[in-house]
$ cat query_10.pdb   # PDB, C-alpha atoms
ATOM      1  CA  MET A 237     -20.618 -44.889  29.379
ATOM      2  CA  THR A 238     -23.091 -42.137  28.539
ATOM      3  CA  THR A 239     -20.697 -39.490  29.905
ATOM      4  CA  THR A 240     -17.847 -40.877  27.798
ATOM      5  CA  THR A 241     -20.057 -40.907  24.700
ATOM      6  CA  ASN A 242     -21.072 -37.302  25.322
ATOM      7  CA  ILE A 243     -17.448 -36.256  25.727
ATOM      8  CA  ILE A 244     -16.529 -37.955  22.439
ATOM      9  CA  ARG A 245     -19.480 -36.308  20.682
ATOM     10  CA  SER A 246     -18.526 -32.921  22.133
ATOM     11  CA  TYR A 247     -14.921 -33.368  21.020
ATOM     12  CA  LYS A 248     -15.973 -34.320  17.493
ATOM     13  CA  GLN A 249     -18.375 -31.364  17.295
ATOM     14  CA  ASN A 250     -15.728 -28.924  18.502
ATOM     15  CA  ARG A 251     -13.288 -30.323  15.958
ATOM     16  CA  LEU A 252     -15.847 -29.911  13.177
ATOM     17  CA  ASN A 253     -16.543 -26.347  14.316
ATOM     18  CA  ALA A 254     -12.809 -25.579  14.286
ATOM     19  CA  ILE A 255     -12.427 -27.000  10.779
ATOM     20  CA  ALA A 256     -15.442 -25.025   9.598
ATOM     21  CA  THR A 257     -13.968 -21.846  11.090
ATOM     22  CA  ILE A 258     -10.684 -22.406   9.261
ATOM     23  CA  PHE A 259     -12.497 -22.867   5.946
ATOM     24  CA  LEU A 260     -14.614 -19.739   6.565
ATOM     25  CA  VAL A 261     -11.552 -17.645   7.353
ATOM     26  CA  LYS A 262      -9.672 -18.974   4.328
ATOM     27  CA  GLY A 263     -12.717 -18.188   2.223
ATOM     28  CA  LEU A 264     -12.673 -14.640   3.572
ATOM     29  CA  VAL A 265      -9.002 -14.338   2.671
ATOM     30  CA  ILE A 266      -9.705 -15.474  -0.884
ATOM     31  CA  VAL A 267     -12.502 -12.905  -1.228
ATOM     32  CA  LEU A 268     -10.342 -10.104   0.168
ATOM     33  CA  ALA A 269      -7.359 -11.044  -1.957
ATOM     34  CA  ALA A 270      -9.606 -11.200  -5.013
ATOM     35  CA  SER A 271     -10.983  -7.742  -4.266
ATOM     36  CA  PHE A 272      -7.427  -6.394  -4.002
ATOM     37  CA  TYR A 273      -5.983  -8.061  -7.108
ATOM     38  CA  MET A 274      -8.867  -8.738  -9.456
ATOM     39  CA  HIS A 275     -10.393  -5.259  -9.504
ATOM     40  CA  THR A 276      -7.324  -4.085 -11.437
ATOM     41  CA  MET A 277      -7.016  -6.912 -13.945
ATOM     42  CA  PHE A 278      -8.690  -4.949 -16.718
ATOM     43  CA  SER A 279      -6.512  -1.843 -16.381
ATOM     44  CA  THR A 280      -3.496  -2.373 -18.609
ATOM     45  CA  ALA A 281      -0.762  -0.369 -20.240
ATOM     46  CA  ASP A 282      -2.825  -0.451 -23.459
ATOM     47  CA  GLU A 283      -5.539   1.607 -21.716
ATOM     48  CA  PRO A 284      -3.416   4.014 -19.634
ATOM     49  CA  GLU A 285      -6.078   6.645 -18.990
ATOM     50  CA  VAL A 286      -8.926   4.613 -17.534
ATOM     51  CA  LYS A 287     -10.441   6.992 -15.001
ATOM     52  CA  ILE A 288     -12.504   6.845 -11.862
ATOM     53  CA  CYS A 289     -14.323   9.916 -10.600
ATOM     54  CA  VAL A 290     -14.752  11.342  -7.113
ATOM     55  CA  ARG A 291     -17.507  13.636  -5.880
ATOM     56  CA  ASN A 292     -17.954  15.287  -2.496
ATOM     57  CA  ILE A 293     -21.296  14.666  -0.786
ATOM     58  CA  SER A 294     -21.798  16.107   2.715
ATOM     59  CA  ASN A 295     -18.019  16.321   3.293
ATOM     60  CA  GLN A 296     -17.572  12.672   2.322
ATOM     61  CA  CYS A 297     -15.879  11.687  -0.927
ATOM     62  CA  GLN A 298     -17.471   8.933  -2.992
ATOM     63  CA  LEU A 299     -16.524   7.092  -6.174
ATOM     64  CA  HIS A 300     -18.960   7.278  -9.068
ATOM     65  CA  PRO A 301     -18.958   6.522 -12.814
ATOM     66  CA  CYS A 302     -17.341   9.322 -14.826
ATOM     67  CA  GLU A 303     -19.497  11.490 -17.072
ATOM     68  CA  GLU A 304     -18.586  13.678 -20.031
ATOM     69  CA  ARG A 305     -20.456  16.013 -22.349
ATOM     70  CA  ASN A 306     -20.966  14.641 -25.830
ATOM     71  CA  ASN A 307     -22.679  17.061 -28.249
ATOM     72  CA  GLY A 308     -24.460  18.710 -25.334
ATOM     73  CA  ALA A 309     -25.646  15.456 -23.742
ATOM     74  CA  MET A 310     -24.185  13.785 -20.652
ATOM     75  CA  THR A 311     -22.692  10.410 -21.428
ATOM     76  CA  GLU A 312     -21.657   8.013 -18.688
ATOM     77  CA  ILE A 313     -18.167   6.578 -19.046
ATOM     78  CA  VAL A 314     -18.309   3.012 -17.799
ATOM     79  CA  SER A 315     -14.956   1.709 -16.627
ATOM     80  CA  PRO A 316     -13.935  -1.681 -18.089
ATOM     81  CA  ASN A 317     -12.986  -2.558 -14.519
ATOM     82  CA  PRO A 318     -15.920  -4.534 -13.004
ATOM     83  CA  PHE A 319     -14.475  -4.301  -9.464
ATOM     84  CA  PHE A 320     -14.290  -0.490  -9.614
ATOM     85  CA  GLY A 321     -11.697   0.779  -7.154
ATOM     86  CA  TYR A 322      -8.847   3.261  -6.884
ATOM     87  CA  ALA A 323      -5.791   1.056  -7.444
ATOM     88  CA  GLY A 324      -4.576   1.019 -11.036
ATOM     89  CA  ASN A 325      -6.815   3.901 -12.165
ATOM     90  CA  PHE A 326      -6.425   7.634 -12.744
ATOM     91  CA  VAL A 327      -8.539   9.827 -10.474
ATOM     92  CA  HIS A 328     -10.759  12.618 -11.766
ATOM     93  CA  ARG A 329     -12.180  15.028  -9.154
ATOM     94  CA  ASP A 330     -15.329  17.096  -9.263
ATOM     95  CA  GLY A 331     -14.649  20.828  -9.193
ATOM     96  CA  ASN A 332     -15.384  21.254  -5.484
ATOM     97  CA  ILE A 333     -12.695  18.811  -4.309
ATOM     98  CA  THR A 334      -9.118  19.717  -3.454
ATOM     99  CA  LYS A 335      -6.371  17.282  -2.547
ATOM    100  CA  PRO A 336      -6.526  16.933   1.244
ATOM    101  CA  LEU A 337      -3.855  16.170   3.802
ATOM    102  CA  PRO A 338      -4.011  12.471   4.756
ATOM    103  CA  GLN A 339      -4.647  11.328   8.320
ATOM    104  CA  THR A 340      -0.985  10.221   8.677
ATOM    105  CA  LEU A 341       2.034  11.796   6.985
ATOM    106  CA  GLY A 342       5.607  10.649   6.536
ATOM    107  CA  ASP A 343       8.829  12.493   7.375
ATOM    108  CA  THR A 344      10.335  15.416   5.449
ATOM    109  CA  GLY A 345      13.416  13.793   3.885
ATOM    110  CA  TRP A 346      14.361  11.083   1.400
ATOM    111  CA  ALA A 347      13.638   8.372   3.990
ATOM    112  CA  SER A 348       9.844   8.653   4.254
ATOM    113  CA  GLY A 349       8.944  12.122   2.984
ATOM    114  CA  CYS A 350       7.488  13.208  -0.346
ATOM    115  CA  ILE A 351       9.549  13.589  -3.539
ATOM    116  CA  LEU A 352       8.745  16.526  -5.818
ATOM    117  CA  SER A 353       9.749  17.513  -9.341
ATOM    118  CA  ASP A 354       8.923  20.978 -10.711
ATOM    119  CA  GLU A 355      10.211  20.013 -14.146
ATOM    120  CA  TYR A 356       7.877  17.024 -14.500
ATOM    121  CA  LYS A 357       5.253  18.431 -12.103
ATOM    122  CA  PHE A 358       4.838  15.357  -9.933
ATOM    123  CA  VAL A 359       4.774  14.507  -6.234
ATOM    124  CA  PHE A 360       5.465  10.994  -5.013
ATOM    125  CA  VAL A 361       3.879  10.190  -1.644
ATOM    126  CA  HIS A 362       5.602   7.383   0.253
ATOM    127  CA  VAL A 363       3.233   4.849   1.814
ATOM    128  CA  LEU A 364       5.472   3.041   4.272
ATOM    129  CA  LYS A 365       6.157  -0.656   3.611
ATOM    130  CA  SER A 366       4.604  -0.417   0.135
ATOM    131  CA  GLY A 367       7.557  -0.197  -2.221
ATOM    132  CA  GLY A 368       8.329   3.466  -1.492
ATOM    133  CA  THR A 369      12.078   2.967  -1.076
ATOM    134  CA  ALA A 370      12.250   1.221  -4.466
ATOM    135  CA  VAL A 371      10.304   4.058  -6.135
ATOM    136  CA  LYS A 372      12.610   6.673  -4.610
ATOM    137  CA  LYS A 373      15.690   4.770  -5.702
ATOM    138  CA  PHE A 374      14.295   4.613  -9.237
ATOM    139  CA  ILE A 375      13.548   8.364  -9.215
ATOM    140  CA  LYS A 376      17.048   9.179  -7.925
ATOM    141  CA  ASP A 377      18.853   6.849 -10.324
ATOM    142  CA  SER A 378      16.845   7.974 -13.357
ATOM    143  CA  LEU A 379      17.111  11.728 -12.731
ATOM    144  CA  CYS A 380      20.341  12.133 -10.731
ATOM    145  CA  GLY A 381      22.422   9.063 -11.493
ATOM    146  CA  PRO A 382      23.255   6.115  -9.224
ATOM    147  CA  ASP A 383      26.169   7.938  -7.537
ATOM    148  CA  ASP A 384      24.133  10.938  -6.319
ATOM    149  CA  SER A 385      22.422   9.362  -3.313
ATOM    150  CA  GLU A 386      20.200  12.348  -2.420
ATOM    151  CA  CYS A 387      20.247  14.266  -5.714
ATOM    152  CA  ALA A 388      22.524  16.935  -4.249
ATOM    153  CA  HIS A 389      24.230  17.671  -7.585
ATOM    154  CA  VAL A 390      21.167  18.452  -9.721
ATOM    155  CA  PRO A 391      18.876  21.509  -9.704
ATOM    156  CA  LYS A 392      16.227  21.421  -6.980
ATOM    157  CA  THR A 393      13.621  22.087  -9.641
ATOM    158  CA  LEU A 394      14.447  18.727 -11.247
ATOM    159  CA  VAL A 395      13.829  16.689  -8.110
ATOM    160  CA  ARG A 396      14.004  17.149  -4.335
ATOM    161  CA  ALA A 397      12.699  15.729  -1.076
ATOM    162  CA  GLU A 398      10.085  17.888   0.592
ATOM    163  CA  GLY A 399       7.653  17.685   3.491
ATOM    164  CA  CYS A 400       4.366  16.084   2.457
ATOM    165  CA  ILE A 401       2.225  18.847   3.985
ATOM    166  CA  LYS A 402       3.882  21.462   1.764
ATOM    167  CA  SER A 403       4.017  19.158  -1.264
ATOM    168  CA  ILE A 404       0.290  18.450  -1.151
ATOM    169  CA  ARG A 405      -0.941  21.851   0.045
ATOM    170  CA  ASP A 406       1.184  24.063  -2.229
ATOM    171  CA  HIS A 407       1.246  21.928  -5.388
ATOM    172  CA  GLN A 408      -2.392  20.973  -5.948
ATOM    173  CA  SER A 409      -1.998  21.047  -9.730
ATOM    174  CA  TYR A 410       0.938  18.613  -9.734
ATOM    175  CA  PHE A 411       0.403  14.916 -10.421
ATOM    176  CA  HIS A 412       0.420  13.063  -7.079
ATOM    177  CA  PHE A 413       0.997   9.319  -7.095
ATOM    178  CA  SER A 414       1.700   6.507  -4.667
ATOM    179  CA  PHE A 415       1.786   2.709  -4.413
ATOM    180  CA  VAL A 416      -0.043   0.165  -2.244
ATOM    181  CA  ARG A 417       0.347  -3.574  -1.675
ATOM    182  CA  SER A 418      -1.492  -6.576  -0.241
ATOM    183  CA  PRO A 419      -2.042  -6.053   3.526
ATOM    184  CA  PHE A 420      -0.964  -9.647   4.174
ATOM    185  CA  SER A 421       2.565  -9.190   2.789
ATOM    186  CA  ARG A 422       2.781  -5.596   4.044
ATOM    187  CA  THR A 423       1.971  -6.568   7.640
ATOM    188  CA  TYR A 424       4.658  -9.235   7.595
ATOM    189  CA  SER A 425       7.152  -6.785   6.083
ATOM    190  CA  ALA A 426       6.453  -4.323   8.912
ATOM    191  CA  TYR A 427       6.907  -7.086  11.458
ATOM    192  CA  SER A 428      10.232  -8.130   9.903
ATOM    193  CA  MET A 429      11.494  -4.555   9.951
ATOM    194  CA  MET A 430      11.344  -4.633  13.757
ATOM    195  CA  ASP A 431      14.736  -6.356  13.686
ATOM    196  CA  GLY A 432      16.269  -3.137  12.394
ATOM    197  CA  PHE A 433      14.720  -1.103  15.207
ATOM    198  CA  PRO A 434      15.194  -2.880  18.546
ATOM    199  CA  PRO A 435      13.637  -1.343  21.681
ATOM    200  CA  LEU A 436      15.731   1.356  23.316
ATOM    201  CA  ASN A 437      16.027  -0.723  26.492
ATOM    202  CA  GLY A 438      16.468  -4.057  24.695
ATOM    203  CA  ILE A 439      19.339  -6.526  24.938
ATOM    204  CA  ARG A 440      22.166  -5.511  22.605
ATOM    205  CA  GLY A 441      22.388  -7.804  19.573
ATOM    206  CA  ARG A 442      19.099  -9.612  20.259
ATOM    207  CA  LEU A 443      16.559  -9.448  17.447
ATOM    208  CA  PRO A 444      13.103  -8.232  18.585
ATOM    209  CA  THR A 445      11.320 -10.937  16.570
ATOM    210  CA  LYS A 446      13.008 -13.597  18.731
ATOM    211  CA  ASP A 447      10.866 -12.524  21.684
ATOM    212  CA  PHE A 448       7.779 -11.349  19.800
ATOM    213  CA  PRO A 449       6.412 -13.846  17.235
ATOM    214  CA  PHE A 450       4.366 -12.731  14.247
ATOM    215  CA  SER A 451       1.130 -14.004  15.790
ATOM    216  CA  ASP A 452       1.675 -11.727  18.816
ATOM    217  CA  PHE A 453       2.536  -8.805  16.535
ATOM    218  CA  VAL A 454      -0.851  -9.230  14.844
ATOM    219  CA  LEU A 455      -3.013 -10.217  17.813
ATOM    220  CA  LYS A 456      -1.415  -7.952  20.456
ATOM    221  CA  PRO A 457      -0.876  -4.605  18.696
ATOM    222  CA  ASN A 458      -0.810  -2.696  21.984
ATOM    223  CA  ARG A 459       2.445  -4.516  22.877
ATOM    224  CA  ARG A 460       4.350  -3.689  19.683
ATOM    225  CA  GLU A 461       6.013  -0.576  21.056
ATOM    226  CA  LEU A 462       7.472  -2.652  23.915
ATOM    227  CA  HIS A 463       9.454  -4.681  21.374
ATOM    228  CA  THR A 464      10.569  -2.087  18.817
ATOM    229  CA  SER A 465      11.499   1.566  18.444
ATOM    230  CA  MET A 466      10.123   1.576  14.884
ATOM    231  CA  TRP A 467       7.682   4.401  14.116
ATOM    232  CA  PRO A 468       4.077   3.038  14.291
ATOM    233  CA  GLY A 469       3.325   4.601  10.905
ATOM    234  CA  HIS A 470       5.065   1.596   9.340
ATOM    235  CA  TYR A 471       2.111  -0.597  10.312
ATOM    236  CA  ASP A 472      -0.640   2.004  10.101
ATOM    237  CA  THR A 473      -3.279   1.397   7.433
ATOM    238  CA  GLN A 474      -2.423   2.435   3.890
ATOM    239  CA  GLU A 475      -5.732   4.282   3.820
ATOM    240  CA  ALA A 476      -4.555   6.601   6.629
ATOM    241  CA  LEU A 477      -1.525   7.616   4.545
ATOM    242  CA  LEU A 478      -3.595   8.352   1.431
ATOM    243  CA  PHE A 479      -7.015   9.680   2.453
ATOM    244  CA  SER A 480      -8.509  12.395   4.637
ATOM    245  CA  GLU A 481     -10.991  11.498   7.360
ATOM    246  CA  GLY A 482     -13.707  12.312   4.851
ATOM    247  CA  ALA A 483     -12.390   9.538   2.560
ATOM    248  CA  CYS A 484     -11.036  12.046   0.014
ATOM    249  CA  PRO A 485      -7.913  10.823  -1.839
ATOM    250  CA  MET A 486      -4.811  12.993  -2.125
ATOM    251  CA  PHE A 487      -3.478  11.097  -5.150
ATOM    252  CA  ASP A 488      -4.107  11.211  -8.888
ATOM    253  CA  PHE A 489      -2.931   7.658  -9.461
ATOM    254  CA  LEU A 490      -2.551   4.739  -7.067
ATOM    255  CA  GLY A 491      -0.157   2.066  -8.312
ATOM    256  CA  ARG A 492       0.163  -1.509  -7.086
ATOM    257  CA  VAL A 493       3.380  -3.132  -5.934
ATOM    258  CA  GLU A 494       2.107  -6.368  -7.481
ATOM    259  CA  HIS A 495       2.059  -4.530 -10.865
ATOM    260  CA  PHE A 496       5.097  -2.352 -10.160
ATOM    261  CA  ASP A 497       6.679  -2.193 -13.618
ATOM    262  CA  GLU A 498       3.423  -1.793 -15.521
ATOM    263  CA  ASP A 499       2.020   0.937 -13.271
ATOM    264  CA  MET A 500       5.280   2.895 -13.150
ATOM    265  CA  ARG A 501       5.381   2.951 -16.938
ATOM    266  CA  ARG A 502       1.792   4.235 -17.043
ATOM    267  CA  ILE A 503       2.713   7.025 -14.615
ATOM    268  CA  LEU A 504       5.769   8.034 -16.648
ATOM    269  CA  ASN A 505       3.805   7.967 -19.904
ATOM    270  CA  HIS A 506       1.178  10.224 -18.349
ATOM    271  CA  LEU A 507       3.906  12.661 -17.216
ATOM    272  CA  ASN A 508       5.725  12.412 -20.556
ATOM    273  CA  ALA A 509       8.859  11.847 -18.464
ATOM    274  CA  THR A 510      11.072  10.764 -21.347
ATOM    275  CA  LYS A 511      14.325  10.731 -19.352
ATOM    276  CA  MET A 512      12.806   8.440 -16.734
ATOM    277  CA  LEU A 513      11.237   6.224 -19.398
ATOM    278  CA  ASP A 514      14.588   5.873 -21.139
ATOM    279  CA  TYR A 515      16.184   4.836 -17.858
ATOM    280  CA  LEU A 516      13.402   2.315 -17.187
ATOM    281  CA  ASP A 517      14.037   0.762 -20.589
ATOM    282  CA  SER A 518      17.790   0.692 -19.949
ATOM    283  CA  ILE A 519      17.308  -1.500 -16.841
ATOM    284  CA  GLY A 520      15.032  -3.927 -18.655
ATOM    285  CA  GLY A 521      11.735  -2.310 -17.664
ATOM    286  CA  ASN A 522      11.899  -3.665 -14.115
ATOM    287  CA  ILE A 523      11.800  -1.626 -10.912
ATOM    288  CA  ILE A 524      14.529  -2.995  -8.648
ATOM    289  CA  PRO A 525      13.479  -3.793  -5.040
ATOM    290  CA  ALA A 526      15.396  -1.649  -2.552
ATOM    291  CA  ASN A 527      14.246  -2.974   0.809
ATOM    292  CA  SER A 528      13.929  -6.672   1.593
ATOM    293  CA  TRP A 529      13.067  -6.976   5.284
ATOM    294  CA  GLY A 530      10.090  -9.240   4.617
ATOM    295  CA  ALA A 531      11.733 -11.230   1.818
ATOM    296  CA  ASP A 532      14.849 -11.938   3.886
ATOM    297  CA  LYS A 533      12.785 -12.965   6.897
ATOM    298  CA  LYS A 534      10.601 -15.325   4.864
ATOM    299  CA  LYS A 535      13.699 -17.158   3.618
ATOM    300  CA  SER A 536      14.524 -18.083   7.207
ATOM    301  CA  ILE A 537      11.093 -19.654   7.843
ATOM    302  CA  ASP A 538      10.409 -23.281   7.072
ATOM    303  CA  GLY A 539       7.138 -22.999   5.145
ATOM    304  CA  GLY A 540       7.473 -19.291   4.333
ATOM    305  CA  LEU A 541       4.691 -16.758   4.718
ATOM    306  CA  ARG A 542       2.017 -19.449   4.492
ATOM    307  CA  LYS A 543       3.233 -20.837   7.814
ATOM    308  CA  GLU A 544       2.955 -17.456   9.527
ATOM    309  CA  TYR A 545      -0.651 -17.201   8.332
ATOM    310  CA  SER A 546      -1.533 -20.779   9.273
ATOM    311  CA  THR A 547      -3.949 -19.875  12.095
ATOM    312  CA  PRO A 548      -7.443 -18.469  11.463
ATOM    313  CA  GLN A 549      -7.048 -15.944  14.283
ATOM    314  CA  VAL A 550      -4.074 -14.256  12.606
ATOM    315  CA  ILE A 551      -5.704 -14.272   9.177
ATOM    316  CA  SER A 552      -9.011 -12.870  10.396
ATOM    317  CA  ARG A 553      -7.323 -10.153  12.484
ATOM    318  CA  VAL A 554      -5.301  -8.832   9.544
ATOM    319  CA  ALA A 555      -8.416  -9.052   7.371
ATOM    320  CA  SER A 556     -10.339  -7.031   9.957
ATOM    321  CA  ASP A 557      -7.692  -4.428  10.851
ATOM    322  CA  TYR A 558      -6.913  -3.665   7.212
ATOM    323  CA  ARG A 559     -10.333  -4.280   5.677
ATOM    324  CA  ARG A 560     -10.407  -0.861   3.966
ATOM    325  CA  ASP A 561      -6.959  -1.427   2.457
ATOM    326  CA  PHE A 562      -8.252  -4.564   0.749
ATOM    327  CA  LYS A 563     -10.876  -2.428  -1.012
ATOM    328  CA  LEU A 564      -8.444   0.073  -2.507
TER     329      LEU A 564
END

$ encode --input "query_10.pdb" --output "structure tokens"
Amino acid sequence: MTTTTNIIRSYKQNRLNAIATIFLVKGLVIVLAASFYMHTMFSTADEPEVKICVRNISNQCQLHPCEERNNGAMTEIVSPNPFFGYAGNFVHRDGNITKPLPQTLGDTGWASGCILSDEYKFVFVHVLKSGGTAVKKFIKDSLCGPDDSECAHVPKTLVRAEGCIKSIRDHQSYFHFSFVRSPFSRTYSAYSMMDGFPPLNGIRGRLPTKDFPFSDFVLKPNRRELHTSMWPGHYDTQEALLFSEGACPMFDFLGRVEHFDEDMRRILNHLNATKMLDYLDSIGGNIIPANSWGADKKKSIDGGLRKEYSTPQVISRVASDYRRDFKL
């Protein structure tokens, strides 16, 4: 009887511990999501030039409150953003900082490379699985027209695809911008994209996600390349595509997919890109999604994305692997 009682007590305790773990993990998710979304709530289109400043200390870049000279005295500029991060803000660099090459770089063409305009003096850097295809489609449609798929019929000085190394290294004075998104939705989007890139030795017509569930994709990253020929940069951290190893940013503005329309308008206003602004207005002010791997996959799941993140192990692993992305 005593043994049975002990077993029951042990079972109840283990169940309580499991429930407590789930609540702790969900609490962590809420905190991380809040840090990603809430730190940009106070940056709006009405205050388009809210700045954050970067200084270089011992080859490591750090954020700090901006300062300006006012009648000979230094006055601290306090951002209205209490969560103080990069996303949704314009970056001001101290004089000793150049724009570095990120740890990971995309391709050289329209697919995943950088897009450059000499006329408007901007460089768009494509962070994979973070709305980059939609941004490029908007740039092409607004400057070249919807029928010119790679802007082959306009001057190269207006807009062109170029390798990111050259775009960043040789055009330091140009305005560099990019977009990021929640690591939770981005990870699932990368997983869904596997179906477009089956393994080279896979069964013809069989979708990779049939044999490799989302939980395995998250918890067994060393097995991903066995199930897809997709370039690993699609599920690399967003930080690796935007910062040097010394944490120095290569961008002047970091937009948010969750605030796509608002942040794109702020970028275009800063560039005084009237032609692009007119086009944005003509399509109702909304950036049109151009890649829907994740959205299409979620429609096929009973319970949607919430179901895929129903286990604490999956949630905590994404939170851990992309912890720096949540702080952007």

$ closest_residue --input "query_10.pdb" --among "A:Pro548, A:Arg460, A:Pro468, A:Ser414" --to "Asn325 (chain A)" --atoms "all atoms listed in the file"
A:Ser414

$ resolve_selection --input "query_10.pdb" --expression "the PyMOL selection byres ((chain A and resi 341-347) around 7)" --output "ChimeraX atom specification"
/A:338-340,348-350,397-400,477

$ closest_residue --input "query_10.pdb" --among "A:Asp377, A:Asp497, A:Asp431, A:Asp488" --to "Val359 (chain A)" --atoms "all atoms listed in the file"
A:Asp488

$ closest_residue --input "query_10.pdb" --among "A:Leu364, A:Ala388, A:Leu436, A:Leu462" --to "Ala476 (chain A)" --atoms "all atoms listed in the file"
A:Leu364

$ closest_residue --input "query_10.pdb" --among "A:Gln474, A:Ser480, A:Ser546, A:Ser428" --to "Ile333 (chain A)" --atoms "all atoms listed in the file"
A:Ser480

$ atom_distance --input "query_10.pdb" --atom1 "CA of Arg442 (chain A)" --atom2 "CA of Ser421 (chain A)"
24.1 Å

$ build_atoms --input "query_10.pdb" --residues "region 549-555 of chain A" --atoms "all heavy atoms" --output "PDB file, in the coordinates of the input"
ATOM      1  N   GLN A 549      -7.001 -17.167  13.489  1.00  0.00           N
ATOM      2  CA  GLN A 549      -7.048 -15.944  14.283  1.00  0.00           C
ATOM      3  C   GLN A 549      -6.176 -14.854  13.665  1.00  0.00           C
ATOM      4  O   GLN A 549      -6.586 -13.680  13.585  1.00  0.00           O
ATOM      5  CB  GLN A 549      -6.581 -16.230  15.718  1.00  0.00           C
ATOM      6  CG  GLN A 549      -7.502 -17.124  16.513  1.00  0.00           C
ATOM      7  CD  GLN A 549      -7.202 -18.601  16.303  1.00  0.00           C
ATOM      8  OE1 GLN A 549      -6.365 -18.968  15.471  1.00  0.00           O
ATOM      9  NE2 GLN A 549      -7.892 -19.447  17.057  1.00  0.00           N
ATOM     10  N   VAL A 550      -4.979 -15.230  13.211  1.00  0.00           N
ATOM     11  CA  VAL A 550      -4.074 -14.256  12.606  1.00  0.00           C
ATOM     12  C   VAL A 550      -4.646 -13.744  11.291  1.00  0.00           C
ATOM     13  O   VAL A 550      -4.645 -12.540  11.010  1.00  0.00           O
ATOM     14  CB  VAL A 550      -2.674 -14.877  12.393  1.00  0.00           C
ATOM     15  CG1 VAL A 550      -1.788 -13.958  11.555  1.00  0.00           C
ATOM     16  CG2 VAL A 550      -2.014 -15.162  13.736  1.00  0.00           C
ATOM     17  N   ILE A 551      -5.140 -14.655  10.479  1.00  0.00           N
ATOM     18  CA  ILE A 551      -5.704 -14.272   9.177  1.00  0.00           C
ATOM     19  C   ILE A 551      -6.878 -13.323   9.356  1.00  0.00           C
ATOM     20  O   ILE A 551      -6.955 -12.267   8.710  1.00  0.00           O
ATOM     21  CB  ILE A 551      -6.154 -15.523   8.395  1.00  0.00           C
ATOM     22  CG1 ILE A 551      -4.941 -16.392   8.046  1.00  0.00           C
ATOM     23  CG2 ILE A 551      -6.884 -15.124   7.117  1.00  0.00           C
ATOM     24  CD1 ILE A 551      -5.313 -17.732   7.440  1.00  0.00           C
ATOM     25  N   SER A 552      -7.808 -13.677  10.235  1.00  0.00           N
ATOM     26  CA  SER A 552      -9.011 -12.870  10.396  1.00  0.00           C
ATOM     27  C   SER A 552      -8.694 -11.507  11.010  1.00  0.00           C
ATOM     28  O   SER A 552      -9.348 -10.512  10.689  1.00  0.00           O
ATOM     29  CB  SER A 552     -10.049 -13.605  11.247  1.00  0.00           C
ATOM     30  OG  SER A 552      -9.539 -13.896  12.536  1.00  0.00           O
ATOM     31  N   ARG A 553      -7.669 -11.440  11.872  1.00  0.00           N
ATOM     32  CA  ARG A 553      -7.323 -10.153  12.484  1.00  0.00           C
ATOM     33  C   ARG A 553      -6.742  -9.184  11.458  1.00  0.00           C
ATOM     34  O   ARG A 553      -7.105  -8.002  11.419  1.00  0.00           O
ATOM     35  CB  ARG A 553      -6.338 -10.376  13.638  1.00  0.00           C
ATOM     36  CG  ARG A 553      -5.979  -9.083  14.393  1.00  0.00           C
ATOM     37  CD  ARG A 553      -7.221  -8.449  15.017  1.00  0.00           C
ATOM     38  NE  ARG A 553      -6.878  -7.234  15.722  1.00  0.00           N
ATOM     39  CZ  ARG A 553      -6.616  -7.196  17.029  1.00  0.00           C
ATOM     40  NH1 ARG A 553      -6.646  -8.318  17.759  1.00  0.00           N
ATOM     41  NH2 ARG A 553      -6.323  -6.058  17.618  1.00  0.00           N
ATOM     42  N   VAL A 554      -5.836  -9.679  10.603  1.00  0.00           N
ATOM     43  CA  VAL A 554      -5.301  -8.832   9.544  1.00  0.00           C
ATOM     44  C   VAL A 554      -6.413  -8.415   8.585  1.00  0.00           C
ATOM     45  O   VAL A 554      -6.506  -7.246   8.176  1.00  0.00           O
ATOM     46  CB  VAL A 554      -4.170  -9.550   8.784  1.00  0.00           C
ATOM     47  CG1 VAL A 554      -3.752  -8.754   7.542  1.00  0.00           C
ATOM     48  CG2 VAL A 554      -2.967  -9.763   9.687  1.00  0.00           C
ATOM     49  N   ALA A 555      -7.295  -9.355   8.262  1.00  0.00           N
ATOM     50  CA  ALA A 555      -8.416  -9.052   7.371  1.00  0.00           C
ATOM     51  C   ALA A 555      -9.319  -7.986   7.968  1.00  0.00           C
ATOM     52  O   ALA A 555      -9.854  -7.128   7.253  1.00  0.00           O
ATOM     53  CB  ALA A 555      -9.215 -10.317   7.084  1.00  0.00           C
TER      54      ALA A 555
END
